[in-house]
Amino acid sequence: MKEFNYIIIGGGCAGLSLAYELEIHKKLENKTLAIIEPRPEYKKDKTWSFWKVATHNFDDCVKKSWKNFSINMQSKTKYIECDNFPYQTIDSGLFYEKINKKLKENKNISFYKNIKDININNAFIFNSIPSLKTDNDNLWQHFYGIEIETNDNFFDDNIFNLMDFNCEQKGCVHFFYTLPFEKKRALVETTWLSKINDDSIKDYDIQIRDYIKNQLNIKKYKINYKEEGAIPLFYSSNIREKNKINIGTAGCMTRLSTGYTFLNIQEHSKYIRENIENISSAQIFKIAKKYQFLDKIFLRVLEKHPEKMPNIFFKMFNTSSNTVIKFLSNKSNVFDDLAIIARMPKWIFMKSIFK
Ligand SMILES: Cc1cc2nc3c(=O)[nH]c(=O)nc-3n(C[C@H](O)[C@H](O)[C@H](O)COP(=O)(O)OP(=O)(O)OC[C@H]3O[C@@H](n4cnc5c(N)ncnc54)[C@H](O)[C@@H]3O)c2cc1C
């Protein structure tokens with residue numbers, strides 16, 4: 001069986017981002033790489049969005065970028081500018097196409113459907129298959145979205161809606177998220193932060209249909225695309241082995257309070273590329289300790305007081321947009337952190353420190 005210098009298990013966001021980073025920096029001219037990916041074909045399956053607080057290789061896969069967003073709760077709406085850190089949405093279809101086209105140019109890179117087809121003994125492995133506990137005690141971010149097209153101009157495509165809490169909460173945290181790509185086309189998503197993984201929150205089609213009809217006031221539309229997923233708001237086991245490093249969700253790259261992962265994946269791909277010659281001593285990715293601590297408290301509050309979360313999110317955005325975006329994107333300084341902490345309800349957060 002064939003041997004390789006490097007093996008990437010899982011050719012999804014993290015696996016392909018890393019392969020691309022290595023390829024464009026010519027780290028695979030004299031090294032071989034096998035990518036293990038079982039999917040029969042690549043097609044658009046996700047839209048990755050984030051505030052652009054760092055550079056990445058995929059600006060040409062950006063479907064749309066916004067400099068304004070809003071948050072709604074009950075009768076209040078907050079409008080926020082994000083000129084310094086535009087919010088970008090990456091089309092995974094364009095991302096897969098761009099990367100696969102580039103990787104095919106290098107004969108040292110091969111794709112396999114199953115790891116059993118190759119010899120793994122002497123390779124360095126980058127693994128993106130998480131080992132997650134799926135018991136009922138963990139929080140997940142569940143979501144389901146549809147991209148709709150209307151006959152008439154309906155959306156203001158200069159502003160996206162990050163969270164609309166005007167919906168049934170069912171003892172969880174529930175909001176709608178709308179990304180208007182054009183005046184007639186938008187992704188509308190129903191999002192639940194919950195331990196519950198059952199049908200009581202999964203009548204997604206009905207939730208979205210009612211939201212579009214009653215809140216957005218759109219009567220006629222067609223559906224172009226659907227996406228469904230769940231992001232674990234807890235970490236996969238991430239043990240560093242001599243010849244193996246975890247990447248992506250498996251590498252604990254998700255910010256637990258938000259689910260944002262894409263830019264962390266890009267940052268760590270860059271780090272691996274910079275250290276590839278000495279990969280056996282490279283570090284695993286770690287979200288800074290202060291965010292791990294604050295997110296833990298935040299998620300405890302969310303579990304115990306889901307009904308308070310719309311107001312807490314609303315208050316969090318009551319500070320300068322740069323501050324809150326940097327905080328949510330792991331780029332805040334101590335002054336930003338203090339500004340966010342000052343807006344949180346002190347007593348509830350204090351109590352949650354001690355459980
Ligand atoms: C629907 C969805 C939307 C998201 N949106 C955002 C967002 O807007 N912003 C953001 O920052 N984050 C987002 N995330 C979180 C995160 O960015 C993504 O989950 C991202 O795809 C994680 O990359 P990954 O490589 O770890 O996992 P994946 O992209 O899921 O890649 C894992 C790959 O492994 C393959 N695989 C599975 N089993 C095996 C096996 N046994 N052997 C080999 N390969 C296998 C899969 O086919 C897949 O291609 C989203 C997540 C989901 C699920």
# chains A, B, ... in the order shown; residues from 1 in each chain; ligands from 1
$ residues_near_ligand --ligand "ligand 1" --cutoff "6 Å" --atoms "only C-alpha atoms and all ligand atoms" --output "PyMOL selection string"
chain A and resi 9-15+36-39+46-50+128-129+227-231+248-250+259-262
$ write_last_selection --atoms "N, CA and C atoms" --output "mmCIF file, in the first residue's frame"
data_model
loop_
_atom_site.group_PDB
_atom_site.id
_atom_site.type_symbol
_atom_site.label_atom_id
_atom_site.label_comp_id
_atom_site.auth_asym_id
_atom_site.auth_seq_id
_atom_site.Cartn_x
_atom_site.Cartn_y
_atom_site.Cartn_z
ATOM 1 N N ILE A 9 -7.168 13.620 7.241
ATOM 2 C CA ILE A 9 -8.411 12.829 7.335
ATOM 3 C C ILE A 9 -9.586 13.803 7.369
ATOM 4 N N GLY A 10 -10.379 13.777 6.306
ATOM 5 C CA GLY A 10 -11.521 14.681 6.181
ATOM 6 C C GLY A 10 -11.188 15.871 5.298
ATOM 7 N N GLY A 11 -11.715 15.838 4.093
ATOM 8 C CA GLY A 11 -11.479 16.960 3.166
ATOM 9 C C GLY A 11 -12.638 17.929 3.218
ATOM 10 N N GLY A 12 -12.911 18.456 4.418
ATOM 11 C CA GLY A 12 -13.940 19.491 4.571
ATOM 12 C C GLY A 12 -13.248 20.835 4.716
ATOM 13 N N CYS A 13 -13.829 21.695 5.530
ATOM 14 C CA CYS A 13 -13.297 23.058 5.654
ATOM 15 C C CYS A 13 -11.849 23.066 6.141
ATOM 16 N N ALA A 14 -11.573 22.370 7.239
ATOM 17 C CA ALA A 14 -10.225 22.433 7.820
ATOM 18 C C ALA A 14 -9.216 21.673 6.958
ATOM 19 N N GLY A 15 -9.609 20.463 6.504
ATOM 20 C CA GLY A 15 -8.682 19.647 5.714
ATOM 21 C C GLY A 15 -8.297 20.341 4.418
ATOM 22 N N ILE A 36 -8.180 12.025 2.798
ATOM 23 C CA ILE A 36 -9.212 10.974 2.910
ATOM 24 C C ILE A 36 -10.560 11.665 3.024
ATOM 25 N N GLU A 37 -11.395 11.465 2.034
ATOM 26 C CA GLU A 37 -12.703 12.127 2.038
ATOM 27 C C GLU A 37 -13.742 11.204 1.409
ATOM 28 N N PRO A 38 -14.726 10.754 2.218
ATOM 29 C CA PRO A 38 -15.696 9.783 1.686
ATOM 30 C C PRO A 38 -16.789 10.361 0.784
ATOM 31 N N ARG A 39 -16.993 11.696 0.815
ATOM 32 C CA ARG A 39 -18.171 12.181 0.066
ATOM 33 C C ARG A 39 -18.016 11.883 -1.436
ATOM 34 N N LYS A 46 -22.660 24.406 2.880
ATOM 35 C CA LYS A 46 -22.628 25.324 4.031
ATOM 36 C C LYS A 46 -22.376 26.744 3.533
ATOM 37 N N THR A 47 -22.784 27.717 4.338
ATOM 38 C CA THR A 47 -22.324 29.086 4.110
ATOM 39 C C THR A 47 -21.582 29.483 5.378
ATOM 40 N N TRP A 48 -20.308 29.797 5.225
ATOM 41 C CA TRP A 48 -19.495 30.169 6.387
ATOM 42 C C TRP A 48 -19.438 31.688 6.480
ATOM 43 N N SER A 49 -19.862 32.220 7.596
ATOM 44 C CA SER A 49 -19.862 33.670 7.769
ATOM 45 C C SER A 49 -19.072 34.056 9.011
ATOM 46 N N PHE A 50 -18.551 35.287 8.981
ATOM 47 C CA PHE A 50 -17.709 35.765 10.092
ATOM 48 C C PHE A 50 -17.394 37.237 9.843
ATOM 49 N N SER A 128 -9.433 15.617 11.010
ATOM 50 C CA SER A 128 -10.562 16.548 11.240
ATOM 51 C C SER A 128 -11.857 15.810 11.586
ATOM 52 N N ILE A 129 -11.733 14.576 12.043
ATOM 53 C CA ILE A 129 -12.941 13.845 12.464
ATOM 54 C C ILE A 129 -13.036 13.921 13.989
ATOM 55 N N GLU A 227 -29.913 24.368 4.026
ATOM 56 C CA GLU A 227 -28.768 23.853 4.781
ATOM 57 C C GLU A 227 -29.176 23.587 6.220
ATOM 58 N N GLU A 228 -28.646 22.504 6.757
ATOM 59 C CA GLU A 228 -28.994 22.125 8.118
ATOM 60 C C GLU A 228 -27.729 21.659 8.811
ATOM 61 N N GLY A 229 -27.595 21.965 10.086
ATOM 62 C CA GLY A 229 -26.396 21.501 10.782
ATOM 63 C C GLY A 229 -26.511 21.717 12.270
ATOM 64 N N ALA A 230 -25.508 21.249 12.966
ATOM 65 C CA ALA A 230 -25.441 21.458 14.413
ATOM 66 C C ALA A 230 -23.980 21.629 14.783
ATOM 67 N N ILE A 231 -23.685 22.695 15.515
ATOM 68 C CA ILE A 231 -22.305 22.939 15.944
ATOM 69 C C ILE A 231 -22.223 22.593 17.435
ATOM 70 N N GLY A 248 -9.705 21.740 12.728
ATOM 71 C CA GLY A 248 -11.140 22.031 12.564
ATOM 72 C C GLY A 248 -11.912 21.810 13.853
ATOM 73 N N THR A 249 -13.143 21.329 13.724
ATOM 74 C CA THR A 249 -13.974 21.064 14.905
ATOM 75 C C THR A 249 -13.251 20.081 15.826
ATOM 76 N N ALA A 250 -12.619 19.076 15.243
ATOM 77 C CA ALA A 250 -11.877 18.074 16.033
ATOM 78 C C ALA A 250 -10.725 18.713 16.805
ATOM 79 N N GLY A 259 -20.081 29.723 18.026
ATOM 80 C CA GLY A 259 -20.039 28.720 16.947
ATOM 81 C C GLY A 259 -19.081 29.107 15.830
ATOM 82 N N TYR A 260 -18.540 30.329 15.849
ATOM 83 C CA TYR A 260 -17.622 30.741 14.767
ATOM 84 C C TYR A 260 -16.347 29.898 14.810
ATOM 85 N N THR A 261 -15.953 29.377 13.668
ATOM 86 C CA THR A 261 -14.832 28.445 13.576
ATOM 87 C C THR A 261 -13.939 28.752 12.370
ATOM 88 N N PHE A 262 -14.548 29.296 11.309
ATOM 89 C CA PHE A 262 -13.869 29.394 10.008
ATOM 90 C C PHE A 262 -12.527 30.124 10.095
#
$ select_by_dssp --residues "region 48-83 of chain A" --states "strand (DSSP E)" --output "list in words"
Trp48, Ser49, Phe50, Trp51, Val62, Lys63, Lys64, Ser65, Trp66, Asn68, Phe69, Ser70, Ile71, Asn72, Met73, Lys76, Thr77, Lys78, Tyr79, Ile80 and Glu81 of chain A
$ residues_around --residues "Leu179 (chain A)" --least-positions-apart "6" --cutoff "6 Å" --atoms "only C-alpha atoms" --output "PyMOL selection string"
chain A and resi 160+186-187
$ select_by_dssp --residues "region 228-353 of chain A" --states "helix (DSSP H, G or I)" --output "count of residues only"
76
$ closest_residue --among "A:Pro306, A:Pro345, A:Pro180, A:Pro130" --to "Asn246 (chain A)" --atoms "only C-alpha atoms"
A:Pro130
$ residues_around --residues "Lys76 (chain A)" --least-positions-apart "3" --cutoff "12 Å" --atoms "only C-alpha atoms" --output "list in words"
Ser70, Ile71, Asn72, Met73, Tyr79, Met163, Asp164, Phe165, Asn166, Pro310, Asn311, Phe314 and Lys315 of chain A
$ closest_residue --among "A:Asn158, A:Ser321, A:Ser352, A:Asn106" --to "Phe85 (chain A)" --atoms "only C-alpha atoms"
A:Ser321
$ residues_around --residues "Lys63 (chain A)" --least-positions-apart "5" --cutoff "9 Å" --atoms "only C-alpha atoms" --output "PDB file with all heavy atoms, in the first residue's frame"
ATOM      1  N   THR A  47     -22.784  27.717   4.338  1.00  0.00           N
ATOM      2  CA  THR A  47     -22.324  29.086   4.110  1.00  0.00           C
ATOM      3  C   THR A  47     -21.582  29.483   5.378  1.00  0.00           C
ATOM      4  O   THR A  47     -22.159  29.432   6.459  1.00  0.00           O
ATOM      5  CB  THR A  47     -23.509  30.045   3.863  1.00  0.00           C
ATOM      6  OG1 THR A  47     -24.602  29.637   4.671  1.00  0.00           O
ATOM      7  CG2 THR A  47     -23.969  30.062   2.444  1.00  0.00           C
ATOM      8  N   GLN A  88     -18.452  38.732   6.325  1.00  0.00           N
ATOM      9  CA  GLN A  88     -18.351  38.073   5.021  1.00  0.00           C
ATOM     10  C   GLN A  88     -19.065  36.720   5.062  1.00  0.00           C
ATOM     11  O   GLN A  88     -19.031  36.037   6.069  1.00  0.00           O
ATOM     12  CB  GLN A  88     -16.885  37.790   4.681  1.00  0.00           C
ATOM     13  CG  GLN A  88     -16.058  39.033   4.474  1.00  0.00           C
ATOM     14  CD  GLN A  88     -14.670  38.698   3.906  1.00  0.00           C
ATOM     15  OE1 GLN A  88     -14.069  37.701   4.275  1.00  0.00           O
ATOM     16  NE2 GLN A  88     -14.189  39.545   3.012  1.00  0.00           N
ATOM     17  N   THR A  89     -19.632  36.353   3.920  1.00  0.00           N
ATOM     18  CA  THR A  89     -20.204  35.014   3.780  1.00  0.00           C
ATOM     19  C   THR A  89     -19.499  34.289   2.651  1.00  0.00           C
ATOM     20  O   THR A  89     -19.450  34.791   1.522  1.00  0.00           O
ATOM     21  CB  THR A  89     -21.711  35.106   3.465  1.00  0.00           C
ATOM     22  OG1 THR A  89     -22.383  35.509   4.643  1.00  0.00           O
ATOM     23  CG2 THR A  89     -22.276  33.762   3.055  1.00  0.00           C
ATOM     24  N   ILE A  90     -18.962  33.124   2.981  1.00  0.00           N
ATOM     25  CA  ILE A  90     -18.257  32.322   1.980  1.00  0.00           C
ATOM     26  C   ILE A  90     -19.179  31.224   1.469  1.00  0.00           C
ATOM     27  O   ILE A  90     -19.821  30.533   2.256  1.00  0.00           O
ATOM     28  CB  ILE A  90     -16.997  31.685   2.610  1.00  0.00           C
ATOM     29  CG1 ILE A  90     -16.051  32.793   3.061  1.00  0.00           C
ATOM     30  CG2 ILE A  90     -16.360  30.655   1.687  1.00  0.00           C
ATOM     31  CD1 ILE A  90     -14.668  32.747   2.580  1.00  0.00           C
ATOM     32  N   ASP A  91     -19.232  31.088   0.170  1.00  0.00           N
ATOM     33  CA  ASP A  91     -20.015  30.031  -0.460  1.00  0.00           C
ATOM     34  C   ASP A  91     -19.156  28.769  -0.495  1.00  0.00           C
ATOM     35  O   ASP A  91     -18.108  28.748  -1.154  1.00  0.00           O
ATOM     36  CB  ASP A  91     -20.379  30.507  -1.874  1.00  0.00           C
ATOM     37  CG  ASP A  91     -21.208  29.501  -2.634  1.00  0.00           C
ATOM     38  OD1 ASP A  91     -20.941  28.288  -2.513  1.00  0.00           O
ATOM     39  OD2 ASP A  91     -22.100  29.934  -3.378  1.00  0.00           O
ATOM     40  N   LEU A  94     -18.086  27.408  -3.957  1.00  0.00           N
ATOM     41  CA  LEU A  94     -16.950  28.098  -4.607  1.00  0.00           C
ATOM     42  C   LEU A  94     -15.631  27.707  -3.940  1.00  0.00           C
ATOM     43  O   LEU A  94     -14.604  27.536  -4.596  1.00  0.00           O
ATOM     44  CB  LEU A  94     -17.128  29.620  -4.520  1.00  0.00           C
ATOM     45  CG  LEU A  94     -18.343  30.209  -5.243  1.00  0.00           C
ATOM     46  CD1 LEU A  94     -18.443  31.703  -4.987  1.00  0.00           C
ATOM     47  CD2 LEU A  94     -18.248  29.932  -6.738  1.00  0.00           C
ATOM     48  N   PHE A 181     -28.586  38.468   0.278  1.00  0.00           N
ATOM     49  CA  PHE A 181     -27.510  38.522  -0.718  1.00  0.00           C
ATOM     50  C   PHE A 181     -27.818  39.540  -1.808  1.00  0.00           C
ATOM     51  O   PHE A 181     -26.942  40.163  -2.375  1.00  0.00           O
ATOM     52  CB  PHE A 181     -27.297  37.136  -1.340  1.00  0.00           C
ATOM     53  CG  PHE A 181     -26.950  36.093  -0.305  1.00  0.00           C
ATOM     54  CD1 PHE A 181     -27.722  34.960  -0.138  1.00  0.00           C
ATOM     55  CD2 PHE A 181     -25.856  36.268   0.527  1.00  0.00           C
ATOM     56  CE1 PHE A 181     -27.406  34.012   0.825  1.00  0.00           C
ATOM     57  CE2 PHE A 181     -25.537  35.324   1.496  1.00  0.00           C
ATOM     58  CZ  PHE A 181     -26.310  34.203   1.641  1.00  0.00           C
TER      59      PHE A 181
END
$ closest_residue --among "A:Asp152, A:Lys26, A:Glu3, A:Asn84" --to "Thr323 (chain A)" --atoms "only C-alpha atoms"
A:Asn84
$ closest_residue --among "A:Asn100, A:Tyr225, A:Lys2, A:Asp60" --to "Asp45 (chain A)" --atoms "only C-alpha atoms"
A:Tyr225
$ closest_residue --among "A:Asp83, A:Arg185, A:Asn122, A:Lys113" --to "Ser320 (chain A)" --atoms "only C-alpha atoms"
A:Asp83
$ residues_around --residues "Thr55 (chain A)" --least-positions-apart "5" --cutoff "10 Å" --atoms "only C-alpha atoms" --output "PyMOL selection string"
chain A and resi 263+266-267
$ write_last_selection --atoms "N, CA, C and O atoms" --output "compact mmCIF listing (two decimals), in the first residue's frame"
# COMPACT_ATOMS: atom_id res chain seq x y z
N LEU A 263 -12.50 31.29 10.74
CA LEU A 263 -11.24 32.07 10.76
C LEU A 263 -10.19 31.41 11.64
O LEU A 263 -8.99 31.55 11.39
N GLN A 266 -8.47 28.97 9.54
CA GLN A 266 -7.51 29.60 8.61
C GLN A 266 -6.23 29.98 9.36
O GLN A 266 -5.12 29.82 8.84
N GLU A 267 -6.41 30.50 10.56
CA GLU A 267 -5.25 30.93 11.35
C GLU A 267 -4.33 29.74 11.67
O GLU A 267 -3.11 29.82 11.56
$ closest_residue --among "A:Asn114, A:Ser236, A:Gln141, A:Asn275" --to "Ile201 (chain A)" --atoms "only C-alpha atoms"
A:Gln141
$ atom_distance --atom1 "CA of Thr190 (chain A)" --atom2 "CA of Gly171 (chain A)"
15.4 Å
$ closest_atom_pairs --of "region 91-164 of chain A" --to "region 205-214 of chain A" --cutoff "10 Å" --atoms "only C-alpha atoms" --output "JSON lines"
{"residue": "A:Tyr144", "atom": "CA", "partner": "A:Asp205", "partner_atom": "CA", "distance": 8.4}
{"residue": "A:Gly145", "atom": "CA", "partner": "A:Ile208", "partner_atom": "CA", "distance": 7.9}
{"residue": "A:Ile146", "atom": "CA", "partner": "A:Ile208", "partner_atom": "CA", "distance": 8.2}
{"residue": "A:Ile148", "atom": "CA", "partner": "A:Ile212", "partner_atom": "CA", "distance": 9.7}
$ residues_around --residues "Arg300 (chain A)" --least-positions-apart "2" --cutoff "9 Å" --atoms "only C-alpha atoms" --output "PyMOL selection string"
chain A and resi 295-298+302-305+349+352-353+355
$ atom_distance --atom1 "CA of Leu216 (chain A)" --atom2 "CA of Asn151 (chain A)"
14.5 Å
$ closest_atom_pairs --of "region 271-291 of chain A" --to "region 16-20 of chain A" --cutoff "10 Å" --atoms "only C-alpha atoms" --output "CSV"
residue,atom,partner,partner_atom,distance
A:Tyr271,CA,A:Leu18,CA,9.7
A:Ile272,CA,A:Leu18,CA,7.9
A:Arg273,CA,A:Leu18,CA,7.8
